[in-house]
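Have a look at the structure below before the remarks.
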Amino acid sequence: MRSLISSADLMKISDEETELLTGKADPEEAARALVEQGVTIAVITLGKDGALAATKDFVVRAGGFKSQLADTNGAGDSFWGSFLEQIARSPIEPGQLDSKTLGQMLENANACAALTVQKPGAIPAMPAAAEVNAFLEASGRKAAF
């Protein structure tokens, strides 16, 4: 698995996978290690504590959201799907994103994951964009989409 890291522009791993893929237990150190190997944006999900992302210029964190936990299946997939959609819609190349924009993307993806864990089943629990926006607004945050 490690042999493919240098081929990735964007990479997401969980805090449980950091040591396996980088030899670093600390998520921030692991993200930086991935960037040093050629990843443009390395994202580490931190479960209920949110996520962090590293680029060659900075590391940014976004906290998680309180949720009623029903099932964690699909949380990482919904997080990453939301994040990738935001990257695809952005007029800015991933390597040119500033820390504020990247932090907002992480926050939006965290909201998507927080909604996913509230329902059982991975696919049925995936929220629609309107649900994510309503959740963010109810939390006093900016709508994602």
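Ordering of the structure tokens sets the chain letters (A, B, ...); residue numbers start at 1 within each chain; ligands are numbered from 1 in the order shown.
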
### Message
Taking 4 positions as the minimum chain separation for residues in the same chain, which residues sit within 6 Å of range 60-76 of chain A when counting only C-alpha atoms? Answer as a ChimeraX atom specification.
### Response
/A:48-53,103,106-107,110,113-114,116-120,122

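Backbone DSSP of chain A yields strand (DSSP E) at Leu10, Met11, Lys12, Ile13, Ser14, Ile41, Ala42, Val43, Ile44, Thr45, Ala51, Leu52, Ala53, Ala54, Val59, Val60, Arg61 and Ala62 of chain A.
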
Restrict the selected residues to C-alpha atoms and save them as a PDB file, in the first residue's frame.
```
ATOM      1  CA  LEU A  10      -5.457  13.566  -2.744  1.00  0.00           C
ATOM      2  CA  MET A  11      -5.458  10.996   0.012  1.00  0.00           C
ATOM      3  CA  LYS A  12      -7.724  10.297   2.998  1.00  0.00           C
ATOM      4  CA  ILE A  13      -6.927   7.907   5.776  1.00  0.00           C
ATOM      5  CA  SER A  14      -8.359   7.518   9.249  1.00  0.00           C
ATOM      6  CA  ILE A  41      -3.591  17.243   0.124  1.00  0.00           C
ATOM      7  CA  ALA A  42      -3.452  14.589   2.840  1.00  0.00           C
ATOM      8  CA  VAL A  43      -6.601  14.276   4.951  1.00  0.00           C
ATOM      9  CA  ILE A  44      -6.798  12.379   8.234  1.00  0.00           C
ATOM     10  CA  THR A  45     -10.239  11.730   9.706  1.00  0.00           C
ATOM     11  CA  ALA A  51     -10.502  15.909  10.560  1.00  0.00           C
ATOM     12  CA  LEU A  52      -7.278  17.585   9.568  1.00  0.00           C
ATOM     13  CA  ALA A  53      -5.638  18.249   6.223  1.00  0.00           C
ATOM     14  CA  ALA A  54      -2.056  18.985   5.309  1.00  0.00           C
ATOM     15  CA  VAL A  59      -2.024  21.939   8.366  1.00  0.00           C
ATOM     16  CA  VAL A  60      -5.642  22.828   9.099  1.00  0.00           C
ATOM     17  CA  ARG A  61      -8.138  21.192  11.466  1.00  0.00           C
ATOM     18  CA  ALA A  62     -11.922  21.201  11.593  1.00  0.00           C
TER      19      ALA A  62
END
```

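Of the residues under consideration (A:Arg141, A:Glu28, A:Phe83, A:Ser78), A:Ser78 shows the shortest atom-to-atom contact distance to Leu115 in chain A when counting only C-alpha atoms.
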
### Summary
Using only C-alpha atoms, the best pick from A:Cys112, A:Ala130, A:Leu4, A:Leu102 as closest to Leu21 in chain A would be A:Leu4

### Message
Can you pull out every residue from chain A that DSSP, working from the backbone, puts in alpha helix (DSSP H), and format the result as a count of residues only?
### Response
62

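Rounded to one decimal, CA of Ser6 in chain A and CA of Val35 in chain A lie 8.7 Å from each other.
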
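Distance annotation: of A:Ala111, A:Ile92, A:Ala125, A:Leu46, the residue with the minimal separation from Asp26 in chain A is A:Leu46; atom set is only C-alpha atoms.
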
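Among the candidate residues A:Pro27, A:Leu84, A:Gly38, A:Ser99, the one lying nearest to Phe58 in chain A is A:Ser99, with distances computed using only C-alpha atoms.
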
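The gap separating CA of Ala109 in chain A from CA of Ser82 in chain A is 5.1 Å, in Å to one decimal.
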
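What separates CA of Arg89 in chain A from CA of Met126 in chain A is a distance of 19.4 Å.
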